[in-house]
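Engineer: Got a structure here, written out as structure tokens. Questions coming.
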Amino acid sequence: KQWYQRRVRGRFRNQTLVKHTSSRIGMIQKLLYERCLNELIGQKNKWRKECIGNIGFIKRFGLYREYPCHDGCVNALAFNSSGDKVISGSDDTCICITDIVTDRTILTHRTSHTSNIFQTKYVPTEEDEMISAARDGTVRHYKVSPGGSVKEKELTKHVGACRKVVAYNRNIAFSVGEDGCVIQSDLRANTSTTTITESESALYSIDSDYDNYFILCGVSHTTWLYDLRMPSSPALAYNPTLEDEASDDEGDELRMQENATCCKFNYNGSALITSYNNNNIYLYDTHDNSRYKRKYTGHHNTDTVKGVNFYGMRSEYVMSGSDCGHIFFWDTASEEIVQCLVGEEDGIVNVLEFNPFCPMVASSGLESCVKLWTPNLEDETDLSDLSEITEKNRSRDSFSTDFLNFVSRLGGDRYVAGEFQNECRQS
């Protein structure tokens, strides 16, 4: 709030605007706020780390922009390295690039994917190169020319859906699929791929700490840590269900019902989080798998293959969407819910990404748009109904793993990820 007063209201007070009406003042104050926000984007300010992770800002998050740039559910988001553009991928098989400074979608490219796009990422340090993964099993690479034309090529193809791809560096990408394979692709070559390891389970998520380690999770209650120098077998495995206080029968039932839908390293690779359907989000010390360190509850993760992410330059917060349409922020250390926003009125929030240069979060889900959230509210969000929201989530019916696997084998991604636009919204 002090930043807001200094950067926005301070400028406002220096203007000769006494003669303007209150509505005019509100408009000018809004324009000044947007100008200050744009000044942060792409600038390595000394205080941006504190600015992004400031709890006062998080508690004042509100909807800033909404970009209806797709014709289907938006399953993938990523900011570029400068923080001034966001790329999105959708069930409509298009990727869109939105410039958040000029406030317009500058590229809409219909890809050669034949089904839902599940992941889009910028190549590190490259502002004009992107990669994507889709339900058709393919991983594709794009290079955008200064004139706006797109050169596209296929890097590899999984047997079954490919849900996640990560750019390890500017030359190498790793992808995982329902075939249980982790495939390494060389972005410089047309056909240069290597299967570096295989799992007996379908894989939903991969993340890398960019320092020889990567983590995997999928149709299992276990998250695996691998060392790229010895990828034949996991270096460590993390299994929170074994630690829950339950009888043997109850523990068996939990393990039968849970799949890990997403895993993520923190800012320096010292910790990781995993989100489970029918359960919670767990945080581990990366190099200590003896027990989980934190557990985050209150949301609901059943109806879709949902992501999870950290927020803040030092991963001070954990954030996730929910089947109830809300966006949850937890304090990483205390496990307390510090923010709960209505992300979609009638839908589900699946994807959350934060801007590395300013306090901004991008969200998407079953709606056909990309939403941006910033601390643009004068007062903190009213969380008086938080207990009611979390209680409703706890009482929601849960599907079993057997059911999710069954619909997946029948092409049920149309259900769990929304293949067609008229099937995106759950009745």
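Ordering of the structure tokens sets the chain letters (A, B, ...), residue numbers begin anew at 1 in every chain, and ligands are numbered from 1 in the order given.
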Which residues come within 9 Å of Leu386 in chain A, counting only C-alpha atoms, excluding same-chain residues fewer than 5 positions away, as a list in words?
Structural biologist: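 Skipping anything fewer than 5 positions along the chain leaves Gly298, Ile337, Cys340 and Glu391 of chain A.
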Engineer: Keeping N, CA and C atoms, export the residues of the selection given above as a short mmCIF file (atom, residue, chain, number, x, y, z; two decimals), in the first residue's frame.
Structural biologist:
```cif
data_model
loop_
_atom_site.label_atom_id
_atom_site.label_comp_id
_atom_site.auth_asym_id
_atom_site.auth_seq_id
_atom_site.Cartn_x
_atom_site.Cartn_y
_atom_site.Cartn_z
N GLY A 298 -8.08 -26.83 1.62
CA GLY A 298 -9.17 -25.87 1.46
C GLY A 298 -9.73 -25.80 0.06
N ILE A 337 -4.29 -19.79 4.45
CA ILE A 337 -4.86 -19.19 3.25
C ILE A 337 -4.87 -17.68 3.42
N CYS A 340 -8.20 -15.53 -1.45
CA CYS A 340 -9.13 -16.42 -2.15
C CYS A 340 -9.96 -15.56 -3.09
N GLU A 391 -15.37 -25.37 3.48
CA GLU A 391 -16.23 -26.44 3.97
C GLU A 391 -17.00 -27.09 2.82
#
```
Engineer: Would you mind listing what lies within 8 Å of Asp136 in chain A as a PyMOL selection string, with only C-alpha atoms counted and same-chain residues fewer than 6 positions away left out?
Structural biologist: chain A and resi 113-116+160-162
Engineer: List every residue of range 152-381 of chain A that DSSP, applied to the backbone of this structure, places in strand (DSSP E), and write the result as a PyMOL selection string.
Structural biologist: chain A and resi 152-157+162-167+172-177+181-186+193-198+203-208+213-218+223-227+236-238+260-265+271-276+281-285+294-296+308-311+317-321+326-331+337-342+349-354+361-365+370-374
Engineer: Range 215-331 of chain A: which residues are alpha helix (DSSP H) by DSSP, as an MDAnalysis selection string?
Structural biologist: chainID A and resid 248:257
Engineer: For all heavy atoms, I'd like the residues from the last selection saved as a PDB file, in the first residue's frame.
Structural biologist:
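Dumped to part11.pdb:
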```
ATOM      1  N   ASP A 248      -4.887 -48.948   8.458  1.00  0.00           N
ATOM      2  CA  ASP A 248      -4.371 -49.582   7.249  1.00  0.00           C
ATOM      3  C   ASP A 248      -5.411 -49.578   6.142  1.00  0.00           C
ATOM      4  O   ASP A 248      -5.111 -49.301   4.985  1.00  0.00           O
ATOM      5  CB  ASP A 248      -3.951 -51.024   7.570  1.00  0.00           C
ATOM      6  CG  ASP A 248      -2.719 -51.057   8.454  1.00  0.00           C
ATOM      7  OD1 ASP A 248      -2.012 -50.036   8.508  1.00  0.00           O
ATOM      8  OD2 ASP A 248      -2.486 -52.092   9.104  1.00  0.00           O
ATOM      9  N   ASP A 249      -6.664 -49.871   6.485  1.00  0.00           N
ATOM     10  CA  ASP A 249      -7.718 -49.896   5.477  1.00  0.00           C
ATOM     11  C   ASP A 249      -7.946 -48.504   4.903  1.00  0.00           C
ATOM     12  O   ASP A 249      -8.078 -48.325   3.692  1.00  0.00           O
ATOM     13  CB  ASP A 249      -9.025 -50.423   6.081  1.00  0.00           C
ATOM     14  CG  ASP A 249      -8.917 -51.905   6.435  1.00  0.00           C
ATOM     15  OD1 ASP A 249      -8.020 -52.574   5.891  1.00  0.00           O
ATOM     16  OD2 ASP A 249      -9.726 -52.366   7.267  1.00  0.00           O
ATOM     17  N   GLU A 250      -7.969 -47.507   5.767  1.00  0.00           N
ATOM     18  CA  GLU A 250      -8.170 -46.129   5.300  1.00  0.00           C
ATOM     19  C   GLU A 250      -6.997 -45.676   4.454  1.00  0.00           C
ATOM     20  O   GLU A 250      -7.167 -44.990   3.450  1.00  0.00           O
ATOM     21  CB  GLU A 250      -8.359 -45.204   6.494  1.00  0.00           C
ATOM     22  CG  GLU A 250      -9.677 -45.414   7.231  1.00  0.00           C
ATOM     23  CD  GLU A 250      -9.744 -44.599   8.504  1.00  0.00           C
ATOM     24  OE1 GLU A 250      -8.662 -44.267   9.031  1.00  0.00           O
ATOM     25  OE2 GLU A 250     -10.846 -44.308   8.976  1.00  0.00           O
ATOM     26  N   GLY A 251      -5.789 -46.046   4.857  1.00  0.00           N
ATOM     27  CA  GLY A 251      -4.609 -45.680   4.079  1.00  0.00           C
ATOM     28  C   GLY A 251      -4.616 -46.324   2.715  1.00  0.00           C
ATOM     29  O   GLY A 251      -4.288 -45.686   1.708  1.00  0.00           O
ATOM     30  N   ASP A 252      -5.035 -47.595   2.630  1.00  0.00           N
ATOM     31  CA  ASP A 252      -5.140 -48.271   1.340  1.00  0.00           C
ATOM     32  C   ASP A 252      -6.157 -47.575   0.448  1.00  0.00           C
ATOM     33  O   ASP A 252      -5.955 -47.420  -0.756  1.00  0.00           O
ATOM     34  CB  ASP A 252      -5.529 -49.737   1.542  1.00  0.00           C
ATOM     35  CG  ASP A 252      -4.404 -50.546   2.156  1.00  0.00           C
ATOM     36  OD1 ASP A 252      -3.250 -50.078   2.100  1.00  0.00           O
ATOM     37  OD2 ASP A 252      -4.676 -51.632   2.716  1.00  0.00           O
ATOM     38  N   GLU A 253      -7.280 -47.154   1.054  1.00  0.00           N
ATOM     39  CA  GLU A 253      -8.306 -46.471   0.278  1.00  0.00           C
ATOM     40  C   GLU A 253      -7.794 -45.148  -0.265  1.00  0.00           C
ATOM     41  O   GLU A 253      -8.032 -44.783  -1.417  1.00  0.00           O
ATOM     42  CB  GLU A 253      -9.543 -46.241   1.136  1.00  0.00           C
ATOM     43  CG  GLU A 253     -10.699 -45.614   0.362  1.00  0.00           C
ATOM     44  CD  GLU A 253     -11.934 -45.435   1.219  1.00  0.00           C
ATOM     45  OE1 GLU A 253     -11.923 -45.904   2.375  1.00  0.00           O
ATOM     46  OE2 GLU A 253     -12.895 -44.822   0.733  1.00  0.00           O
ATOM     47  N   LEU A 254      -7.043 -44.391   0.557  1.00  0.00           N
ATOM     48  CA  LEU A 254      -6.457 -43.138   0.094  1.00  0.00           C
ATOM     49  C   LEU A 254      -5.526 -43.373  -1.075  1.00  0.00           C
ATOM     50  O   LEU A 254      -5.569 -42.672  -2.086  1.00  0.00           O
ATOM     51  CB  LEU A 254      -5.692 -42.466   1.236  1.00  0.00           C
ATOM     52  CG  LEU A 254      -6.512 -41.705   2.278  1.00  0.00           C
ATOM     53  CD1 LEU A 254      -5.602 -41.295   3.426  1.00  0.00           C
ATOM     54  CD2 LEU A 254      -7.197 -40.503   1.674  1.00  0.00           C
ATOM     55  N   ARG A 255      -4.672 -44.372  -0.954  1.00  0.00           N
ATOM     56  CA  ARG A 255      -3.686 -44.625  -2.007  1.00  0.00           C
ATOM     57  C   ARG A 255      -4.358 -45.074  -3.300  1.00  0.00           C
ATOM     58  O   ARG A 255      -3.868 -44.796  -4.386  1.00  0.00           O
ATOM     59  CB  ARG A 255      -2.671 -45.665  -1.517  1.00  0.00           C
ATOM     60  CG  ARG A 255      -1.691 -45.104  -0.498  1.00  0.00           C
ATOM     61  CD  ARG A 255      -0.587 -46.102  -0.183  1.00  0.00           C
ATOM     62  NE  ARG A 255      -1.058 -47.200   0.620  1.00  0.00           N
ATOM     63  CZ  ARG A 255      -1.131 -47.187   1.941  1.00  0.00           C
ATOM     64  NH1 ARG A 255      -0.787 -46.105   2.608  1.00  0.00           N
ATOM     65  NH2 ARG A 255      -1.559 -48.238   2.611  1.00  0.00           N
ATOM     66  N   MET A 256      -5.485 -45.756  -3.186  1.00  0.00           N
ATOM     67  CA  MET A 256      -6.198 -46.190  -4.379  1.00  0.00           C
ATOM     68  C   MET A 256      -6.837 -45.004  -5.104  1.00  0.00           C
ATOM     69  O   MET A 256      -7.020 -45.030  -6.305  1.00  0.00           O
ATOM     70  CB  MET A 256      -7.280 -47.211  -3.995  1.00  0.00           C
ATOM     71  CG  MET A 256      -6.745 -48.591  -3.657  1.00  0.00           C
ATOM     72  SD  MET A 256      -6.000 -49.383  -5.094  1.00  0.00           S
ATOM     73  CE  MET A 256      -7.464 -49.663  -6.092  1.00  0.00           C
ATOM     74  N   GLN A 257      -7.193 -43.958  -4.371  1.00  0.00           N
ATOM     75  CA  GLN A 257      -7.945 -42.856  -4.964  1.00  0.00           C
ATOM     76  C   GLN A 257      -7.072 -41.745  -5.521  1.00  0.00           C
ATOM     77  O   GLN A 257      -7.550 -40.936  -6.296  1.00  0.00           O
ATOM     78  CB  GLN A 257      -8.878 -42.253  -3.905  1.00  0.00           C
ATOM     79  CG  GLN A 257     -10.045 -43.150  -3.534  1.00  0.00           C
ATOM     80  CD  GLN A 257     -10.941 -42.500  -2.507  1.00  0.00           C
ATOM     81  OE1 GLN A 257     -10.581 -41.493  -1.912  1.00  0.00           O
ATOM     82  NE2 GLN A 257     -12.107 -43.078  -2.289  1.00  0.00           N
TER      83      GLN A 257
END
```
Engineer: Which residue is closest to Leu187 in chain A? Choose from A:His221, A:Arg163, A:His141, A:Lys85 and count only C-alpha atoms.
Structural biologist: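 Using only C-alpha atoms, the shortest distance to Leu187 in chain A belongs to A:His141.
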Engineer: Considering only C-alpha atoms, return as a VMD selection string whatever protein or nucleic-acid residues lie within 8 Å of Ser233 in chain A, sequence-local ones (same chain, fewer than 3 positions apart) excluded.
Structural biologist: chain A and resid 197 226 230
Engineer: With a distance cut-off of 10 Å and only C-alpha atoms, select the neighbouring residues of range 273-284 of chain A, excluding the residue or stretch itself and same-chain residues fewer than 5 positions from it, and output the selection as a ChimeraX atom specification.
Structural biologist: /A:205,215-223,238-241,254,257-266,289-310,318-320,332-333,394,396-401
Engineer: Can you pull out the residues contacting Tyr142 in chain A? Cut-off 12 Å, using only C-alpha atoms, and skip same-chain residues under 2 positions away; I want them as a PyMOL selection string.
Structural biologist: chain A and resi 87+95-96+109-112+120-123+126-133+139-140+144-145+148-155+187-188+190
Engineer: Between A:Phe57, A:Tyr267, A:Phe354, A:Tyr213, which has the minimum distance to Val86 in chain A (counting only C-alpha atoms)?
Structural biologist: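 Nearest to Val86 in chain A: A:Phe354.
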Engineer: Skip range 77-83 of chain A itself and residues of its chain fewer than 4 positions away, then list as a list in words all residues within 9 Å of it, counting only C-alpha atoms.
Structural biologist: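 Using only C-alpha atoms, the neighbours found are Ile41, Gly42, Gln43, Ile87, Ser88, Gly89, Ile100, Gln119, Thr120, Lys121, Tyr122, Val123, Pro124, Thr125, Glu126, Glu127, Val351, Leu352, Glu353, Phe354, Asn355, Pro356, Phe357, Cys358, Ala362, Ser363, Ser364 and Val370 of chain A.
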Engineer: Just how far from CA of Ala134 in chain A is CA of Leu203 in chain A, in Å to one decimal?
Structural biologist: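 Interatomic distance, CA of Leu203 in chain A to CA of Ala134 in chain A: 13.3 Å.
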Engineer: Which of these residues is nearest to Gln339 in chain A, using only C-alpha atoms: A:Asp382, A:Asp288, A:Glu367, A:Asp323?
Structural biologist: A:Asp382
Engineer: Suppose you want the space between CA of Glu66 in chain A and CA of Val165 in chain A; what is it in Å?
Structural biologist: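 Between CA of Glu66 in chain A and CA of Val165 in chain A the gap works out to 25.8 Å.
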Engineer: I want to know what sits within 10 Å of Asn54 in chain A, based on only C-alpha atoms, with residues of the same chain fewer than 6 positions away left out; could you give that as a PDB file with N, CA and C atoms, in the first residue's frame?
Structural biologist:
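Now in out_24.pdb:
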```
ATOM      1  N   LYS A   1       0.824  -1.192   0.000  1.00  0.00           N
ATOM      2  CA  LYS A   1       0.000   0.000   0.000  1.00  0.00           C
ATOM      3  C   LYS A   1       0.872   1.261   0.000  1.00  0.00           C
ATOM      4  N   ARG A  48      11.896  -5.156  -6.582  1.00  0.00           N
ATOM      5  CA  ARG A  48      10.789  -5.917  -7.173  1.00  0.00           C
ATOM      6  C   ARG A  48      10.549  -7.231  -6.447  1.00  0.00           C
ATOM      7  N   GLY A 312       5.908 -15.591  -5.957  1.00  0.00           N
ATOM      8  CA  GLY A 312       6.925 -14.794  -5.285  1.00  0.00           C
ATOM      9  C   GLY A 312       8.319 -15.167  -5.748  1.00  0.00           C
ATOM     10  N   GLU A 316       7.422 -17.471  -1.716  1.00  0.00           N
ATOM     11  CA  GLU A 316       6.825 -17.221  -0.404  1.00  0.00           C
ATOM     12  C   GLU A 316       5.412 -17.762  -0.273  1.00  0.00           C
ATOM     13  N   PRO A 359       3.930  -7.565  -9.500  1.00  0.00           N
ATOM     14  CA  PRO A 359       2.905  -8.358  -8.818  1.00  0.00           C
ATOM     15  C   PRO A 359       1.712  -8.607  -9.732  1.00  0.00           C
TER      16      PRO A 359
END
```
